[in-house]
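What's in final26.cif: mmCIF, C-alpha atoms
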```
data_coords
loop_
_atom_site.group_PDB
_atom_site.id
_atom_site.type_symbol
_atom_site.label_atom_id
_atom_site.label_comp_id
_atom_site.auth_asym_id
_atom_site.auth_seq_id
_atom_site.Cartn_x
_atom_site.Cartn_y
_atom_site.Cartn_z
ATOM 1 C CA MET A 48 0.000 0.000 0.000
ATOM 2 C CA ARG A 49 2.778 2.455 0.900
ATOM 3 C CA ILE A 50 4.673 1.638 -2.278
ATOM 4 C CA ALA A 51 1.564 2.253 -4.402
ATOM 5 C CA LEU A 52 0.982 5.593 -2.657
ATOM 6 C CA LEU A 53 4.615 6.579 -3.160
ATOM 7 C CA LEU A 54 4.455 5.661 -6.849
ATOM 8 C CA MET A 55 1.288 7.725 -7.295
ATOM 9 C CA LEU A 56 2.931 10.728 -5.612
ATOM 10 C CA LEU A 57 5.964 10.398 -7.875
ATOM 11 C CA LEU A 58 3.794 10.152 -10.989
ATOM 12 C CA PHE A 59 1.946 13.340 -10.080
ATOM 13 C CA ALA A 60 5.154 15.169 -9.137
ATOM 14 C CA ILE A 61 7.038 14.449 -12.377
ATOM 15 C CA PRO A 62 4.675 16.291 -14.764
ATOM 16 C CA ALA A 63 4.588 19.315 -12.469
ATOM 17 C CA HIS A 64 8.372 19.478 -12.447
ATOM 18 C CA ALA A 65 8.605 19.007 -16.217
ATOM 19 C CA ALA A 66 6.253 21.958 -16.767
ATOM 20 C CA PHE A 67 8.527 24.412 -14.925
ATOM 21 C CA GLN A 68 9.665 27.087 -17.357
ATOM 22 C CA GLY A 69 12.329 28.802 -15.244
ATOM 23 C CA PRO A 70 12.550 32.495 -14.344
ATOM 24 C CA GLY A 71 10.028 33.869 -16.899
ATOM 25 C CA ALA A 72 7.302 31.406 -15.938
ATOM 26 C CA GLY A 73 5.655 33.667 -13.405
ATOM 27 C CA GLY A 74 6.236 35.886 -10.455
ATOM 28 C CA PHE A 75 6.158 39.620 -9.841
ATOM 29 C CA LYS A 76 5.766 41.975 -12.788
ATOM 30 C CA GLY A 77 6.303 45.597 -11.867
ATOM 31 C CA PRO A 78 8.974 48.166 -11.089
ATOM 32 C CA THR A 79 12.360 47.341 -9.638
ATOM 33 C CA VAL A 80 13.289 49.625 -6.757
ATOM 34 C CA GLY A 81 16.675 50.548 -5.324
ATOM 35 C CA VAL A 82 18.547 50.553 -8.628
ATOM 36 C CA GLU A 83 21.447 52.980 -8.798
ATOM 37 C CA ILE A 84 22.777 52.158 -12.256
ATOM 38 C CA THR A 85 20.782 51.976 -15.492
ATOM 39 C CA SER A 86 23.401 52.239 -18.254
ATOM 40 C CA ALA A 87 26.589 50.512 -19.396
ATOM 41 C CA LYS A 88 28.553 53.750 -18.910
ATOM 42 C CA GLN A 89 27.322 54.149 -15.323
ATOM 43 C CA ALA A 90 28.136 50.495 -14.593
ATOM 44 C CA LEU A 91 31.732 50.954 -15.788
ATOM 45 C CA GLU A 92 32.082 53.890 -13.384
ATOM 46 C CA GLY A 93 29.955 52.489 -10.529
ATOM 47 C CA HIS A 94 31.125 51.076 -7.228
ATOM 48 C CA ASP A 95 31.428 47.355 -6.485
ATOM 49 C CA ASP A 96 28.115 45.619 -5.701
ATOM 50 C CA ALA A 97 25.987 48.569 -6.868
ATOM 51 C CA PRO A 98 22.553 47.369 -8.075
ATOM 52 C CA VAL A 99 22.186 47.451 -11.872
ATOM 53 C CA LEU A 100 19.221 47.321 -14.252
ATOM 54 C CA LEU A 101 20.317 47.495 -17.903
ATOM 55 C CA THR A 102 18.224 47.461 -21.077
ATOM 56 C CA GLY A 103 19.927 46.791 -24.403
ATOM 57 C CA LYS A 104 21.398 43.948 -26.441
ATOM 58 C CA ILE A 105 23.854 41.129 -25.866
ATOM 59 C CA VAL A 106 25.971 41.486 -28.992
ATOM 60 C CA GLY A 107 28.566 38.740 -28.539
ATOM 61 C CA ARG A 108 30.383 36.268 -26.332
ATOM 62 C CA LYS A 109 33.793 37.163 -24.922
ATOM 63 C CA ALA A 110 36.460 34.929 -26.459
ATOM 64 C CA GLY A 111 37.675 32.159 -24.182
ATOM 65 C CA SER A 112 34.698 32.321 -21.807
ATOM 66 C CA ASP A 113 31.510 30.317 -21.406
ATOM 67 C CA ASP A 114 29.642 32.899 -19.328
ATOM 68 C CA LYS A 115 30.939 36.358 -20.244
ATOM 69 C CA TYR A 116 29.139 38.378 -22.913
ATOM 70 C CA ILE A 117 29.337 41.853 -24.420
ATOM 71 C CA PHE A 118 26.296 43.969 -23.590
ATOM 72 C CA ARG A 119 25.560 47.179 -25.520
ATOM 73 C CA ASP A 120 23.166 50.051 -24.871
ATOM 74 C CA ALA A 121 23.012 53.650 -26.110
ATOM 75 C CA THR A 122 25.853 54.672 -23.736
ATOM 76 C CA GLY A 123 28.409 51.992 -24.613
ATOM 77 C CA GLU A 124 29.476 48.421 -23.901
ATOM 78 C CA ILE A 125 30.275 46.403 -20.799
ATOM 79 C CA ILE A 126 31.084 42.759 -20.090
ATOM 80 C CA VAL A 127 28.237 40.905 -18.394
ATOM 81 C CA ASP A 128 28.633 37.596 -16.558
ATOM 82 C CA ILE A 129 25.565 35.392 -17.158
ATOM 83 C CA ASP A 130 25.476 31.826 -15.821
ATOM 84 C CA ASN A 131 23.652 29.161 -17.865
ATOM 85 C CA LYS A 132 21.002 28.843 -15.153
ATOM 86 C CA VAL A 133 20.080 32.512 -15.682
ATOM 87 C CA PHE A 134 19.358 31.785 -19.367
ATOM 88 C CA ALA A 135 17.052 28.982 -18.157
ATOM 89 C CA GLY A 136 17.085 27.251 -21.541
ATOM 90 C CA ARG A 137 16.092 30.403 -23.443
ATOM 91 C CA THR A 138 17.993 31.537 -26.544
ATOM 92 C CA VAL A 139 19.076 35.164 -26.886
ATOM 93 C CA THR A 140 20.414 36.638 -30.139
ATOM 94 C CA PRO A 141 21.959 40.068 -30.878
ATOM 95 C CA GLU A 142 18.577 41.072 -32.341
ATOM 96 C CA ASN A 143 16.809 40.608 -28.978
ATOM 97 C CA THR A 144 16.404 43.480 -26.547
ATOM 98 C CA VAL A 145 16.995 42.273 -23.001
ATOM 99 C CA LYS A 146 16.661 43.631 -19.495
ATOM 100 C CA LEU A 147 19.447 42.514 -17.154
ATOM 101 C CA SER A 148 19.323 42.838 -13.391
ATOM 102 C CA GLY A 149 22.365 42.277 -11.214
ATOM 103 C CA LYS A 150 25.256 44.098 -9.609
ATOM 104 C CA VAL A 151 28.550 45.716 -10.541
ATOM 105 C CA ASP A 152 31.523 43.386 -10.067
ATOM 106 C CA LYS A 153 34.906 45.055 -9.772
ATOM 107 C CA ASP A 154 37.986 42.886 -9.454
ATOM 108 C CA LEU A 155 41.482 44.241 -8.950
ATOM 109 C CA LEU A 156 43.261 45.163 -12.186
ATOM 110 C CA GLU A 157 40.228 44.236 -14.335
ATOM 111 C CA PRO A 158 37.574 46.433 -15.894
ATOM 112 C CA ALA A 159 34.186 46.462 -14.190
ATOM 113 C CA LYS A 160 31.593 43.940 -15.314
ATOM 114 C CA VAL A 161 28.016 43.150 -14.342
ATOM 115 C CA ASP A 162 27.124 39.928 -12.536
ATOM 116 C CA VAL A 163 23.656 39.184 -13.940
ATOM 117 C CA LYS A 164 21.085 37.491 -11.699
ATOM 118 C CA VAL A 165 17.928 37.983 -13.826
ATOM 119 C CA LEU A 166 17.575 38.103 -17.617
ATOM 120 C CA GLU A 167 14.310 39.164 -19.237
ATOM 121 C CA ILE A 168 13.848 38.985 -23.010
ATOM 122 C CA LEU A 169 11.785 42.001 -24.091
ATOM 123 C CA ASN A 170 11.494 41.103 -27.801
#
```

Rewrite the structure of this file - the entire thing - as structure tokens.
Amino acid sequence: MRIALLLMLLLFAIPAHAAFQGPGAGGFKGPTVGVEITSAKQALEGHDDAPVLLTGKIVGRKAGSDDKYIFRDATGEIIVDIDNKVFAGRTVTPENTVKLSGKVDKDLLEPAKVDVKVLEILN
């Protein structure tokens, strides 16, 4: 009896897990508050760990890296660090406009970059 109940629970749990679509599947839709930086130029000049919300395009991948990309907006370009889990199986091309949320990451002797925590594809 317990085995049958366990099997039924597993059968019902598997489809629910398979339907999960990752970060764009639902949640809050509205303004982001507390953002200090909204452009690539500001991010390059910002302080470490400053909150960032950028809108623009990912125009390429940095050579030799699996998770560093070149982001461009009207003010310039900056390197953005986007883990595979942030993409959540979605494909982004240079034609897509994206909104990236994260924080400035400044390492010694390296240019500033943005550590992206949320990626939203706008078109």

Fill in: Residues within 10 Å of (27.6, 43.0, -20.5), file coords, only C-alpha atoms, listed as number ranges by chain
A: 87, 90, 101, 103-109, 115-120, 123-129, 147, 159-163

Fill in: Gap from CA of Glu167 in chain A to CA of Asp113 in chain A - Å, one decimal
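Atom-to-atom, CA of Glu167 in chain A and CA of Asp113 in chain A are spaced 19.5 Å apart.
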
Practice prompt. Please indicate the distance in Å from CA of Pro98 in chain A to CA of Gly136 in chain A, rounded to one decimal place.
Written response: 24.8 Å

Discussion item. So the first atom is CA of Val82 in chain A and the second is CA of Val139 in chain A; what is the distance between them in Å, to one decimal place?
Written reply: 23.9 Å

Worksheet item: For Asp96 in chain A, which of A:Val133, A:Val80, A:Val151, A:Val165 is the closest residue, counting only C-alpha atoms?
Response: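 Answer, going by the shortest atom-to-atom distance: A:Val151.
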
Worksheet item: Nearest to Asn143 in chain A: which of A:Glu157, A:Thr102, A:Asp130, A:Ala121 is it, counting only C-alpha atoms?
Response: A:Thr102

Box time for range 152-163 of chain A: axis-aligned, enclosing all its listed atoms, 5 Å extra on each side; report centre and edge lengths in Å to one decimal, as lines of an AutoDock Vina configuration file.
```
center_x = 33.5
center_y = 42.8
center_z = -12.4
size_x = 29.6
size_y = 17.3
size_z = 16.9
```

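Restricting the calculation to all atoms listed in the file, the smallest distance between Gly93 in chain A and any of A:Leu169, A:Lys150, A:Thr138, A:Lys164 is found for A:Lys150.
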
Discussion item. Just checking: using only C-alpha atoms, which residue out of A:Gln89, A:Arg137, A:Asp95, A:Ile84 ends up closest to Lys153 in chain A?
Written reply: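 Result for the nearest residue to Lys153 in chain A: A:Asp95.
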
Because the input lacks atoms here, generate N, CA and C atoms for range 78-112 of chain A and report them as a compact mmCIF listing (two decimals), in the coordinates of the input.
```
# COMPACT_ATOMS: atom_id res chain seq x y z
N PRO A 78 7.71 47.42 -11.14
CA PRO A 78 8.97 48.17 -11.09
C PRO A 78 10.00 47.53 -10.16
N THR A 79 11.26 47.74 -10.49
CA THR A 79 12.36 47.34 -9.64
C THR A 79 12.81 48.58 -8.87
N VAL A 80 12.92 48.47 -7.58
CA VAL A 80 13.29 49.62 -6.76
C VAL A 80 14.71 49.47 -6.22
N GLY A 81 15.34 50.57 -5.91
CA GLY A 81 16.68 50.55 -5.32
C GLY A 81 17.80 50.45 -6.33
N VAL A 82 17.51 50.66 -7.60
CA VAL A 82 18.55 50.55 -8.63
C VAL A 82 19.30 51.87 -8.74
N GLU A 83 20.61 51.79 -8.69
CA GLU A 83 21.45 52.98 -8.80
C GLU A 83 21.95 53.19 -10.22
N ILE A 84 22.10 52.10 -10.96
CA ILE A 84 22.78 52.16 -12.26
C ILE A 84 21.86 51.61 -13.33
N THR A 85 21.69 52.40 -14.42
CA THR A 85 20.78 51.98 -15.49
C THR A 85 21.41 52.05 -16.88
N SER A 86 22.74 52.21 -16.95
CA SER A 86 23.40 52.24 -18.25
C SER A 86 24.77 51.58 -18.17
N ALA A 87 25.26 51.14 -19.33
CA ALA A 87 26.59 50.51 -19.40
C ALA A 87 27.67 51.49 -18.91
N LYS A 88 27.56 52.74 -19.31
CA LYS A 88 28.55 53.75 -18.91
C LYS A 88 28.57 53.92 -17.39
N GLN A 89 27.39 54.01 -16.78
CA GLN A 89 27.32 54.15 -15.32
C GLN A 89 27.90 52.92 -14.64
N ALA A 90 27.63 51.73 -15.19
CA ALA A 90 28.14 50.50 -14.59
C ALA A 90 29.66 50.46 -14.61
N LEU A 91 30.27 50.92 -15.70
CA LEU A 91 31.73 50.95 -15.79
C LEU A 91 32.33 51.86 -14.72
N GLU A 92 31.59 52.91 -14.36
CA GLU A 92 32.08 53.89 -13.38
C GLU A 92 31.56 53.64 -11.97
N GLY A 93 30.61 52.72 -11.81
CA GLY A 93 29.96 52.49 -10.53
C GLY A 93 30.84 51.77 -9.53
N HIS A 94 30.36 51.75 -8.28
CA HIS A 94 31.12 51.08 -7.23
C HIS A 94 30.74 49.60 -7.15
N ASP A 95 31.63 48.80 -6.60
CA ASP A 95 31.43 47.36 -6.48
C ASP A 95 30.12 47.05 -5.75
N ASP A 96 29.38 46.10 -6.27
CA ASP A 96 28.12 45.62 -5.70
C ASP A 96 26.94 46.58 -5.87
N ALA A 97 27.10 47.65 -6.63
CA ALA A 97 25.99 48.57 -6.87
C ALA A 97 24.91 47.86 -7.69
N PRO A 98 23.63 48.00 -7.31
CA PRO A 98 22.55 47.37 -8.07
C PRO A 98 22.46 47.94 -9.49
N VAL A 99 22.20 47.07 -10.46
CA VAL A 99 22.19 47.45 -11.87
C VAL A 99 20.91 46.93 -12.53
N LEU A 100 20.33 47.75 -13.40
CA LEU A 100 19.22 47.32 -14.25
C LEU A 100 19.48 47.91 -15.64
N LEU A 101 19.93 47.05 -16.56
CA LEU A 101 20.32 47.50 -17.90
C LEU A 101 19.32 47.01 -18.94
N THR A 102 19.05 47.85 -19.94
CA THR A 102 18.22 47.46 -21.08
C THR A 102 19.02 47.72 -22.35
N GLY A 103 19.16 46.68 -23.17
CA GLY A 103 19.93 46.79 -24.40
C GLY A 103 20.05 45.44 -25.07
N LYS A 104 21.21 45.18 -25.68
CA LYS A 104 21.40 43.95 -26.44
C LYS A 104 22.69 43.25 -26.03
N ILE A 105 22.64 41.93 -26.02
CA ILE A 105 23.85 41.13 -25.87
C ILE A 105 24.36 40.90 -27.29
N VAL A 106 25.51 41.47 -27.60
CA VAL A 106 25.97 41.49 -28.99
C VAL A 106 27.03 40.43 -29.30
N GLY A 107 27.57 39.77 -28.28
CA GLY A 107 28.57 38.74 -28.54
C GLY A 107 29.02 38.07 -27.27
N ARG A 108 29.78 36.99 -27.45
CA ARG A 108 30.38 36.27 -26.33
C ARG A 108 31.86 36.64 -26.28
N LYS A 109 32.37 36.84 -25.08
CA LYS A 109 33.79 37.16 -24.92
C LYS A 109 34.61 35.91 -25.22
N ALA A 110 35.61 36.05 -26.06
CA ALA A 110 36.46 34.93 -26.46
C ALA A 110 37.08 34.25 -25.24
N GLY A 111 37.06 32.93 -25.25
CA GLY A 111 37.67 32.16 -24.18
C GLY A 111 36.83 32.01 -22.93
N SER A 112 35.55 32.40 -22.99
CA SER A 112 34.70 32.32 -21.81
C SER A 112 33.35 31.70 -22.15
```
